[in-house]
$ cat query_32.csv   # CSV, C-alpha atoms
chain,number,residue,atom,x,y,z
U,30,MET,CA,-0.7,-26.5,3.2
U,31,ARG,CA,2.4,-24.8,4.4
U,32,PRO,CA,2.1,-21.2,5.6
U,33,LEU,CA,2.2,-18.5,3.0
U,34,ARG,CA,4.8,-16.0,1.8
U,35,VAL,CA,2.9,-12.8,1.2
U,36,VAL,CA,4.1,-9.5,-0.5
U,37,ALA,CA,1.8,-6.5,-0.1
U,38,ILE,CA,2.5,-3.5,-2.4
U,39,GLY,CA,1.1,0.0,-2.0
U,40,GLY,CA,1.3,3.1,0.2
U,41,GLY,CA,-0.7,5.6,2.2
U,42,THR,CA,-3.4,4.5,4.7
U,43,GLY,CA,-4.6,1.7,2.4
U,44,LEU,CA,-1.5,-0.5,2.7
U,45,SER,CA,-1.2,0.1,6.5
U,46,THR,CA,-4.9,-0.9,6.9
U,47,LEU,CA,-4.3,-4.1,5.0
U,48,LEU,CA,-1.2,-5.0,7.0
U,49,ARG,CA,-3.1,-4.7,10.3
U,50,GLY,CA,-5.3,-7.5,9.1
U,51,LEU,CA,-2.6,-9.7,7.6
U,52,LYS,CA,-0.2,-9.5,10.6
U,53,LYS,CA,-2.6,-11.4,12.8
U,54,TYR,CA,-1.7,-14.5,10.8
U,55,ALA,CA,2.1,-13.8,10.8
U,56,PRO,CA,4.7,-15.0,13.2
U,57,HIS,CA,6.1,-12.6,15.9
U,58,SER,CA,8.5,-12.4,18.7
U,59,THR,CA,6.3,-13.8,21.4
U,60,CYS,CA,6.0,-17.1,19.4
U,61,ILE,CA,2.2,-17.4,19.5
U,62,ASP,CA,1.3,-20.5,17.6
U,63,VAL,CA,0.3,-19.0,14.3
U,64,ALA,CA,-0.6,-22.4,12.8
U,65,ALA,CA,-3.1,-23.0,15.6
U,66,THR,CA,-4.5,-19.5,15.2
U,67,ALA,CA,-4.9,-20.0,11.4
U,68,HIS,CA,-6.4,-23.5,12.0
U,69,ALA,CA,-9.0,-22.0,14.4
U,70,ALA,CA,-10.2,-19.8,11.6
U,71,ASP,CA,-9.8,-22.6,9.0
U,72,LEU,CA,-7.2,-20.4,7.2
U,73,ARG,CA,-3.6,-20.8,6.3
U,74,GLY,CA,-1.0,-18.9,8.3
U,75,ILE,CA,1.6,-16.5,6.9
U,76,ALA,CA,5.2,-17.5,7.2
U,77,ASP,CA,6.7,-14.3,5.7
U,78,LEU,CA,4.9,-11.0,5.3
U,79,THR,CA,6.7,-8.3,3.2
U,80,ALA,CA,5.4,-4.8,2.6
U,81,VAL,CA,6.7,-2.8,-0.5
U,82,VAL,CA,6.1,0.9,0.1
U,83,THR,CA,6.1,3.8,-2.3
U,84,VAL,CA,8.5,6.6,-1.6
U,85,THR,CA,7.4,9.6,-3.7
U,86,ASP,CA,5.7,11.7,-1.0
U,87,ASP,CA,7.1,15.3,-1.0
U,88,GLY,CA,4.6,17.1,1.3
U,89,GLY,CA,4.1,17.6,5.0
U,90,SER,CA,6.6,16.3,7.5
U,91,SER,CA,8.0,13.7,5.1
U,92,GLY,CA,8.6,16.3,2.4
U,93,ARG,CA,10.4,18.7,4.8
U,94,LEU,CA,12.7,15.9,6.1
U,95,ARG,CA,13.3,14.8,2.5
U,96,LYS,CA,14.4,18.3,1.5
U,97,GLU,CA,16.4,19.1,4.6
U,98,PHE,CA,18.2,15.8,5.0
U,99,ASN,CA,18.2,14.4,1.5
U,100,ILE,CA,16.5,11.2,2.6
U,101,LEU,CA,13.6,9.2,1.3
U,102,PRO,CA,10.2,10.3,2.7
U,103,PRO,CA,9.6,8.2,5.9
U,104,GLY,CA,5.8,8.8,6.3
U,105,ASP,CA,4.3,5.8,4.6
U,106,ILE,CA,7.1,3.6,5.9
U,107,ARG,CA,6.3,4.9,9.5
U,108,ASN,CA,2.6,4.0,9.1
U,109,CYS,CA,3.5,0.5,7.9
U,110,LEU,CA,6.0,0.0,10.9
U,111,VAL,CA,3.2,0.9,13.3
U,112,ALA,CA,0.7,-1.3,11.5
U,113,LEU,CA,3.0,-4.3,11.7
U,114,SER,CA,4.2,-3.7,15.2
U,115,GLU,CA,3.5,-6.4,17.7
U,116,ASP,CA,1.9,-4.1,20.2
U,117,GLU,CA,0.3,-0.9,18.9
U,118,ALA,CA,0.5,0.6,22.4
U,119,LEU,CA,2.8,3.2,23.9
U,120,LEU,CA,5.8,2.8,21.5
U,121,SER,CA,3.7,2.7,18.4
U,122,ARG,CA,1.6,5.7,19.6
U,123,MET,CA,4.9,7.5,20.2
U,124,PHE,CA,5.9,6.8,16.6
U,125,GLN,CA,2.7,8.4,15.4
U,126,TYR,CA,2.9,11.4,17.8
U,127,ARG,CA,2.9,14.7,15.9
U,128,PHE,CA,4.5,17.8,17.5
U,129,GLU,CA,2.0,20.7,17.5
U,130,THR,CA,4.4,23.4,18.7
U,131,GLY,CA,8.2,23.8,19.0
U,132,GLY,CA,9.7,25.8,16.1
U,133,GLY,CA,11.3,23.4,13.7
U,134,LEU,CA,9.5,20.4,15.3
U,135,GLU,CA,6.0,21.6,14.6
U,136,GLY,CA,4.2,19.3,12.2
U,137,HIS,CA,6.7,16.5,12.4
U,138,ASN,CA,5.9,12.9,13.6
U,139,PHE,CA,8.3,11.4,16.1
U,140,GLY,CA,8.5,8.3,13.9
U,141,ASN,CA,9.6,10.3,10.9
U,142,LEU,CA,12.3,12.0,13.0
U,143,PHE,CA,13.4,8.6,14.4
U,144,VAL,CA,13.8,7.1,11.0
U,145,THR,CA,15.7,10.2,9.9
U,146,ALA,CA,18.1,9.9,12.8
U,147,LEU,CA,18.6,6.2,12.2
U,148,THR,CA,19.4,6.9,8.6
U,149,ALA,CA,22.1,9.4,9.6
U,150,VAL,CA,23.5,6.9,12.1
U,151,THR,CA,23.5,3.9,9.8
U,152,GLY,CA,24.2,5.8,6.6
U,153,ASP,CA,21.4,3.8,4.8
U,154,PHE,CA,17.7,4.4,4.7
U,155,ALA,CA,16.8,0.7,4.1
U,156,GLU,CA,19.0,-0.2,7.1
U,157,ALA,CA,17.2,2.4,9.2
U,158,VAL,CA,13.9,0.8,8.3
U,159,ARG,CA,15.2,-2.6,9.3
U,160,GLU,CA,16.5,-1.4,12.6
U,161,SER,CA,13.2,0.4,13.3
U,162,SER,CA,11.4,-2.9,12.6
U,163,LYS,CA,13.4,-4.6,15.3
U,164,ILE,CA,12.7,-1.9,17.8
U,165,LEU,CA,8.9,-2.1,17.1
U,166,ALA,CA,9.0,-5.9,16.9
U,167,THR,CA,7.1,-5.9,13.6
U,168,ARG,CA,5.5,-9.1,12.3
U,169,GLY,CA,6.9,-8.5,8.8
U,170,THR,CA,9.6,-6.9,6.7
U,171,ILE,CA,9.3,-3.5,5.1
U,172,PHE,CA,11.1,-2.4,1.9
U,173,PRO,CA,10.9,1.0,0.1
U,174,SER,CA,10.0,0.3,-3.5
U,175,THR,CA,13.3,2.0,-4.4
U,176,ILE,CA,16.1,3.8,-2.6
U,177,SER,CA,16.5,6.2,-5.5
U,178,ASN,CA,15.5,9.8,-4.8
U,179,VAL,CA,12.4,9.8,-7.1
U,180,GLN,CA,9.7,12.3,-8.0
U,181,LEU,CA,6.5,11.9,-9.9
U,182,GLU,CA,5.5,13.8,-13.0
U,183,ALA,CA,1.9,13.6,-14.4
U,184,LEU,CA,0.5,14.3,-17.8
U,185,MET,CA,-2.9,15.9,-17.2
U,186,ASN,CA,-6.0,15.9,-19.4
U,187,ASP,CA,-5.4,19.3,-20.8
U,188,GLY,CA,-2.0,18.3,-22.1
U,189,SER,CA,0.0,20.0,-19.3
U,190,THR,CA,2.4,18.3,-17.0
U,191,VAL,CA,2.5,18.7,-13.2
U,192,PHE,CA,5.7,17.8,-11.2
U,193,GLY,CA,5.8,16.5,-7.6
U,194,GLU,CA,3.2,14.4,-5.7
U,195,THR,CA,1.9,17.3,-3.7
U,196,ASN,CA,1.2,19.4,-6.8
U,197,ILE,CA,-0.3,16.4,-8.6
U,198,THR,CA,-2.7,15.7,-5.7
U,199,ALA,CA,-3.6,19.4,-5.4
U,200,SER,CA,-4.3,19.9,-9.2
U,201,GLN,CA,-7.9,20.2,-10.3
U,202,LEU,CA,-7.1,18.5,-13.6
U,203,ARG,CA,-7.4,14.8,-14.3
U,204,ILE,CA,-4.3,12.6,-14.4
U,205,VAL,CA,-3.9,10.8,-17.7
U,206,ARG,CA,-0.4,9.3,-17.4
U,207,LEU,CA,2.3,9.1,-14.7
U,208,ARG,CA,6.0,8.9,-15.0
U,209,MET,CA,8.8,8.6,-12.5
U,210,VAL,CA,11.8,10.9,-12.5
U,211,PRO,CA,14.4,9.5,-13.0
U,212,GLU,CA,12.9,6.7,-15.0
U,213,ASN,CA,15.6,4.2,-14.2
U,214,ALA,CA,14.9,3.9,-10.5
U,215,GLN,CA,16.0,0.5,-9.2
U,216,PRO,CA,14.4,-1.7,-6.6
U,217,LEU,CA,16.2,-3.3,-3.7
U,218,PRO,CA,17.4,-6.8,-4.6
U,219,GLU,CA,15.5,-8.1,-1.5
U,220,THR,CA,12.3,-6.8,-3.0
U,221,LEU,CA,12.7,-8.7,-6.2
U,222,GLU,CA,13.7,-11.8,-4.2
U,223,ALA,CA,10.5,-11.5,-2.0
U,224,ILE,CA,8.3,-11.2,-5.1
U,225,ALA,CA,10.0,-14.2,-6.8
U,226,LYS,CA,9.4,-16.3,-3.7
U,227,ALA,CA,5.9,-15.1,-2.9
U,228,ASP,CA,2.8,-17.3,-2.8
U,229,MET,CA,0.5,-14.3,-2.8
U,230,ILE,CA,1.1,-10.7,-4.1
U,231,THR,CA,-1.4,-8.0,-3.3
U,232,ILE,CA,-1.6,-4.5,-4.7
U,233,GLY,CA,-4.0,-2.0,-3.0
U,234,PRO,CA,-6.0,-0.5,-1.6
U,235,GLY,CA,-4.6,3.0,-2.0
U,236,SER,CA,-4.6,6.1,-4.1
U,237,LEU,CA,-4.4,4.9,-7.7
U,238,PHE,CA,-1.8,7.3,-9.1
U,239,THR,CA,0.1,8.3,-5.9
U,240,SER,CA,0.2,5.1,-3.9
U,241,LEU,CA,-0.2,2.2,-6.3
U,242,ILE,CA,1.1,3.1,-9.7
U,243,PRO,CA,4.5,4.5,-8.5
U,244,ASN,CA,5.5,1.1,-7.3
U,245,LEU,CA,4.9,-0.2,-10.8
U,246,LEU,CA,7.1,2.5,-12.3
U,247,VAL,CA,10.2,1.2,-10.5
U,248,HIS,CA,12.4,-0.7,-13.0
U,249,GLY,CA,11.9,-4.5,-12.7
U,250,ILE,CA,9.0,-4.6,-10.3
U,251,PRO,CA,6.1,-5.2,-12.7
U,252,GLU,CA,8.2,-7.7,-14.7
U,253,ALA,CA,9.0,-9.5,-11.4
U,254,ILE,CA,5.3,-9.6,-10.5
U,255,ALA,CA,4.3,-10.9,-13.9
U,256,ALA,CA,7.0,-13.6,-13.8
U,257,SER,CA,6.1,-14.7,-10.2
U,258,ARG,CA,4.1,-17.9,-9.8
U,259,ALA,CA,2.2,-16.3,-6.9
U,260,ILE,CA,-1.5,-15.6,-6.7
U,261,LYS,CA,-1.8,-11.9,-7.7
U,262,VAL,CA,-4.7,-9.9,-6.2
U,263,TYR,CA,-5.9,-6.4,-6.7
U,264,ILE,CA,-7.8,-5.0,-3.7
U,265,CYS,CA,-10.0,-2.3,-5.1
U,266,ASN,CA,-10.7,1.0,-3.4
U,267,LEU,CA,-14.1,1.7,-1.9
U,268,MET,CA,-14.6,5.2,-3.2
U,269,THR,CA,-13.3,7.3,-6.1
U,270,GLN,CA,-10.8,10.1,-5.3
U,271,ALA,CA,-10.5,13.7,-6.5
U,272,ASN,CA,-8.4,14.0,-9.7
U,273,GLU,CA,-7.0,10.4,-9.3
U,274,SER,CA,-9.9,8.2,-10.1
U,275,LEU,CA,-13.2,10.2,-10.3
U,276,GLY,CA,-15.5,8.4,-12.7
U,277,LEU,CA,-13.3,5.3,-12.9
U,278,SER,CA,-15.0,1.9,-12.4
U,279,ALA,CA,-13.3,-1.0,-10.8
U,280,SER,CA,-12.2,-2.4,-14.2
U,281,GLU,CA,-10.9,0.9,-15.3
U,282,HIS,CA,-8.7,1.0,-12.2
U,283,ILE,CA,-7.2,-2.3,-13.3
U,284,ARG,CA,-6.7,-1.0,-16.8
U,285,LYS,CA,-4.8,2.0,-15.5
U,286,LEU,CA,-2.5,-0.2,-13.5
U,287,TYR,CA,-1.9,-2.4,-16.5
U,288,GLU,CA,-1.1,0.6,-18.7
U,289,HIS,CA,1.6,1.7,-16.3
U,290,ALA,CA,2.9,-1.8,-15.6
U,291,GLY,CA,3.1,-2.6,-19.3
U,292,VAL,CA,1.9,-6.2,-18.6
U,293,PRO,CA,-1.2,-7.9,-17.1
U,294,ILE,CA,-0.5,-8.8,-13.5
U,295,PHE,CA,-3.7,-9.8,-11.7
U,296,ASP,CA,-5.4,-13.1,-11.2
U,297,TYR,CA,-8.1,-11.8,-8.8
U,298,ALA,CA,-9.8,-8.6,-7.8
U,299,VAL,CA,-11.4,-8.2,-4.4
U,300,VAL,CA,-14.2,-5.6,-4.6
U,301,ASN,CA,-16.8,-4.4,-2.1
U,302,THR,CA,-20.4,-4.8,-3.0
U,303,GLU,CA,-21.9,-3.9,0.4
U,304,PRO,CA,-24.0,-0.7,0.5
U,305,ILE,CA,-22.5,2.4,2.1
U,306,SER,CA,-24.6,4.7,4.2
U,307,GLU,CA,-26.3,7.6,2.5
U,308,SER,CA,-24.8,10.1,5.1
U,309,LEU,CA,-21.2,9.1,4.2
U,310,GLN,CA,-21.9,9.0,0.5
U,311,ALA,CA,-23.3,12.6,0.8
U,312,ARG,CA,-20.1,13.7,2.6
U,313,TYR,CA,-17.9,12.2,-0.2
U,314,ALA,CA,-20.2,13.7,-2.8
U,315,LEU,CA,-19.1,17.2,-1.6
U,316,GLU,CA,-15.7,16.3,-3.0
U,317,GLY,CA,-17.2,14.9,-6.2
U,318,ALA,CA,-16.4,11.4,-5.0
U,319,SER,CA,-18.7,8.4,-5.1
U,320,ARG,CA,-18.7,4.6,-4.7
U,321,ILE,CA,-16.6,2.8,-7.2
U,322,VAL,CA,-18.8,1.0,-9.7
U,323,VAL,CA,-18.2,-2.8,-9.7
U,324,ASP,CA,-18.4,-3.7,-13.4
U,325,ARG,CA,-17.9,-7.4,-12.8
U,326,ASP,CA,-18.2,-8.5,-16.5
U,327,ALA,CA,-15.6,-5.9,-17.5
U,328,ILE,CA,-13.2,-7.1,-14.8
U,329,GLU,CA,-13.5,-10.7,-15.8
U,330,SER,CA,-13.1,-9.8,-19.5
U,331,LEU,CA,-9.6,-8.8,-18.5
U,332,GLY,CA,-8.9,-12.3,-17.4
U,333,VAL,CA,-9.3,-11.3,-13.7
U,334,ARG,CA,-11.6,-13.3,-11.4
U,335,CYS,CA,-13.9,-10.9,-9.4
U,336,ILE,CA,-14.3,-11.7,-5.7
U,337,THR,CA,-17.2,-9.7,-4.2
U,338,GLY,CA,-18.4,-9.3,-0.7
U,339,ASN,CA,-18.8,-7.0,2.4
U,340,PHE,CA,-15.3,-5.4,2.8
U,341,VAL,CA,-16.3,-2.0,4.2
U,342,SER,CA,-16.1,-0.5,7.6
U,343,GLU,CA,-17.7,2.8,8.3
U,344,GLY,CA,-16.6,5.6,10.7
U,345,ASP,CA,-15.9,9.2,10.0
U,346,VAL,CA,-14.7,7.9,6.7
U,347,VAL,CA,-15.0,4.6,4.9
U,348,ARG,CA,-12.2,2.1,5.3
U,349,HIS,CA,-11.7,-1.5,4.3
U,350,ALA,CA,-12.7,-3.9,7.0
U,351,THR,CA,-9.2,-5.2,7.5
U,352,GLU,CA,-10.0,-8.5,9.2
U,353,ARG,CA,-12.5,-9.5,6.5
U,354,VAL,CA,-10.2,-8.6,3.7
U,355,ALA,CA,-7.3,-10.5,5.2
U,356,ALA,CA,-9.6,-13.5,5.9
U,357,GLU,CA,-10.8,-13.4,2.3
U,358,LEU,CA,-7.2,-13.4,1.0
U,359,LEU,CA,-6.2,-16.3,3.1
U,360,LYS,CA,-9.4,-18.2,2.1
U,361,LEU,CA,-8.5,-17.6,-1.5
U,362,ALA,CA,-5.0,-18.9,-0.9
U,363,GLY,CA,-6.5,-22.0,0.7
U,364,ASN,CA,-8.4,-22.8,-2.5
U,365,VAL,CA,-5.1,-22.8,-4.5
U,366,THR,CA,-2.5,-25.5,-4.3
U,367,ILE,CA,0.9,-23.9,-3.4
U,368,THR,CA,4.0,-26.1,-3.6
$ encode --input "query_32.csv" --output "structure tokens"
Amino acid sequence: MRPLRVVAIGGGTGLSTLLRGLKKYAPHSTCIDVAATAHAADLRGIADLTAVVTVTDDGGSSGRLRKEFNILPPGDIRNCLVALSEDEALLSRMFQYRFETGGGLEGHNFGNLFVTALTAVTGDFAEAVRESSKILATRGTIFPSTISNVQLEALMNDGSTVFGETNITASQLRIVRLRMVPENAQPLPETLEAIAKADMITIGPGSLFTSLIPNLLVHGIPEAIAASRAIKVYICNLMTQANESLGLSASEHIRKLYEHAGVPIFDYAVVNTEPISESLQARYALEGASRIVVDRDAIESLGVRCITGNFVSEGDVVRHATERVAAELLKLAGNVTIT
């Protein structure tokens, strides 16, 4: 029952939310006894926690920096750095600080500017992320899914194509198929190594077409996941999302991921079955969104075991209850022999 090696794949707020739960079982610089912490909760600890983050954002602060400095978009990376930081206090809050005035500074996050500056100093985006991790004392390692300058192109349900993540998200049409430009984007060797050595690999939660699928379009990543002996878990979203997943059930999310990966990759799916308040459902309904239908039989017909439970936390929006999701993942790992 040694501690686990976990690789979490995704992007956006979904991945950073998950990482906040997982990091509590991961080692960090103050050397708290992770084994004792895990034992107290009757769960296994995490020896190595790796986040693989999509880098296709071309809007907002990230998009501006990408265009002006010819770097990868730092926004999702920044969110993961803060989520994994040992102390989400002053330094982490500073990384998330957004300038509201100041000419060229307006709209930028300090963390985005920091990663941009470190990229210029080190000459390498991945190295800048590593150095940022040291400064924030993160309880895990963060890799961009690729260091290639990639964009997304979507085939829509009327036969047209839309280029660029921002334009895809803003479109009123439904996404049918996604491709990455260029198509031969390569992952970091360290990413493939982490996947190969992993005991558990998670994908999700996150926007289906703009946070999850882009990682599976990077050459070699879906093949590495399929070849890994790790437990592979899909963490399903709570709600559908405009033009990305409206009307899609939980099993249809998995089918879309499989279509783009080109190979089945999941052993388990973690899905929420707890009711969501009528007031929040009404708010989402204004955008045409609704709770994702949990079609358990259809999920299991894909050879994926469905794990149901209460995984929702309500506030102004619905989010995954990060601690309950993390505990469920580690409980699942505890029921599987890993050598």
$ closest_residue --input "query_32.csv" --among "U:Ser257, U:Gln215, U:Ser189, U:Thr148" --to "Ile230 in chain U" --atoms "all atoms listed in the file"
U:Ser257
$ closest_residue --input "query_32.csv" --among "U:Ile283, U:Leu359, U:Pro304, U:Ser278" --to "Asp324 in chain U" --atoms "only C-alpha atoms"
U:Ser278
$ residues_near_point --input "query_32.csv" --point "(9.5, 14.2, 19.6)" --cutoff "10 Å" --atoms "all atoms listed in the file" --output "JSON, numbers by chain"
{"U": [123, 124, 125, 126, 127, 128, 131, 134, 135, 137, 138, 139, 140, 141, 142, 143]}
$ closest_residue --input "query_32.csv" --among "U:Thr83, U:Ser121, U:Ser306, U:Thr151" --to "Ile38 in chain U" --atoms "all atoms listed in the file"
U:Thr83
$ atom_distance --input "query_32.csv" --atom1 "CA of Val81 in chain U" --atom2 "CA of Gly39 in chain U"
6.4 Å
$ atom_distance --input "query_32.csv" --atom1 "CA of Val205 in chain U" --atom2 "CA of Ala255 in chain U"
23.5 Å
$ residues_near_point --input "query_32.csv" --point "(7.5, 13.8, -7.6)" --cutoff "8 Å" --atoms "all atoms listed in the file" --output "list in words"
Thr85, Asp86, Asp87, Val179, Gln180, Leu181, Glu182, Phe192, Gly193, Glu194, Thr195, Met209 and Val210 of chain U
$ closest_residue --input "query_32.csv" --among "U:Val262, U:Val111, U:Ile176, U:Ile75" --to "Thr220 in chain U" --atoms "only C-alpha atoms"
U:Ile176
$ atom_distance --input "query_32.csv" --atom1 "CA of Ile197 in chain U" --atom2 "CA of Phe172 in chain U"
24.4 Å
$ residues_around --input "query_32.csv" --residues "Ser45 in chain U" --least-positions-apart "4" --cutoff "10 Å" --atoms "only C-alpha atoms" --output "PyMOL selection string"
chain U and resi 37+39-41+49-51+80+82+105-113+234-235+351
$ write_last_selection --input "query_32.csv" --atoms "C-alpha atoms" --output "PDB file, in the frame of the given file"
ATOM      1  CA  ALA U  37       1.800  -6.500  -0.100  1.00  0.00           C
ATOM      2  CA  GLY U  39       1.100   0.000  -2.000  1.00  0.00           C
ATOM      3  CA  GLY U  40       1.300   3.100   0.200  1.00  0.00           C
ATOM      4  CA  GLY U  41      -0.700   5.600   2.200  1.00  0.00           C
ATOM      5  CA  ARG U  49      -3.100  -4.700  10.300  1.00  0.00           C
ATOM      6  CA  GLY U  50      -5.300  -7.500   9.100  1.00  0.00           C
ATOM      7  CA  LEU U  51      -2.600  -9.700   7.600  1.00  0.00           C
ATOM      8  CA  ALA U  80       5.400  -4.800   2.600  1.00  0.00           C
ATOM      9  CA  VAL U  82       6.100   0.900   0.100  1.00  0.00           C
ATOM     10  CA  ASP U 105       4.300   5.800   4.600  1.00  0.00           C
ATOM     11  CA  ILE U 106       7.100   3.600   5.900  1.00  0.00           C
ATOM     12  CA  ARG U 107       6.300   4.900   9.500  1.00  0.00           C
ATOM     13  CA  ASN U 108       2.600   4.000   9.100  1.00  0.00           C
ATOM     14  CA  CYS U 109       3.500   0.500   7.900  1.00  0.00           C
ATOM     15  CA  LEU U 110       6.000   0.000  10.900  1.00  0.00           C
ATOM     16  CA  VAL U 111       3.200   0.900  13.300  1.00  0.00           C
ATOM     17  CA  ALA U 112       0.700  -1.300  11.500  1.00  0.00           C
ATOM     18  CA  LEU U 113       3.000  -4.300  11.700  1.00  0.00           C
ATOM     19  CA  PRO U 234      -6.000  -0.500  -1.600  1.00  0.00           C
ATOM     20  CA  GLY U 235      -4.600   3.000  -2.000  1.00  0.00           C
ATOM     21  CA  THR U 351      -9.200  -5.200   7.500  1.00  0.00           C
TER      22      THR U 351
END
$ closest_residue --input "query_32.csv" --among "U:Val323, U:Met229, U:Val191, U:Ile224" --to "Gly276 in chain U" --atoms "all atoms listed in the file"
U:Val323
$ axis_aligned_box --input "query_32.csv" --around "range 274-281 of chain U" --padding-each-side "8 Å" --output "AutoDock Vina command-line options"
--center_x -12.7 --center_y 3.9 --center_z -12.7 --size_x 21.6 --size_y 28.6 --size_z 21.2
$ residues_around --input "query_32.csv" --residues "Ala223 in chain U" --least-positions-apart "3" --cutoff "9 Å" --atoms "all atoms listed in the file" --output "ChimeraX atom specification"
/U:34-36,79,218-220,226-227
$ residues_around --input "query_32.csv" --residues "Thr269 in chain U" --least-positions-apart "5" --cutoff "10 Å" --atoms "all atoms listed in the file" --output "PyMOL selection string"
chain U and resi 236-237+274-279+282+313-314+316-322
$ closest_residue --input "query_32.csv" --among "U:Gly344, U:Gly152, U:Gly233, U:Pro293" --to "Arg312 in chain U" --atoms "only C-alpha atoms"
U:Gly344
$ residues_around --input "query_32.csv" --residues "Arg203 in chain U" --least-positions-apart "3" --cutoff "12 Å" --atoms "all atoms listed in the file" --output "MDAnalysis selection string"
chainID U and resid 183:191 197:200 206:207 238 270:277
$ residues_around --input "query_32.csv" --residues "Ile294 in chain U" --least-positions-apart "4" --cutoff "10 Å" --atoms "all atoms listed in the file" --output "PyMOL selection string"
chain U and resi 230+232+251-257+260-263+283+286-287+290+332-333
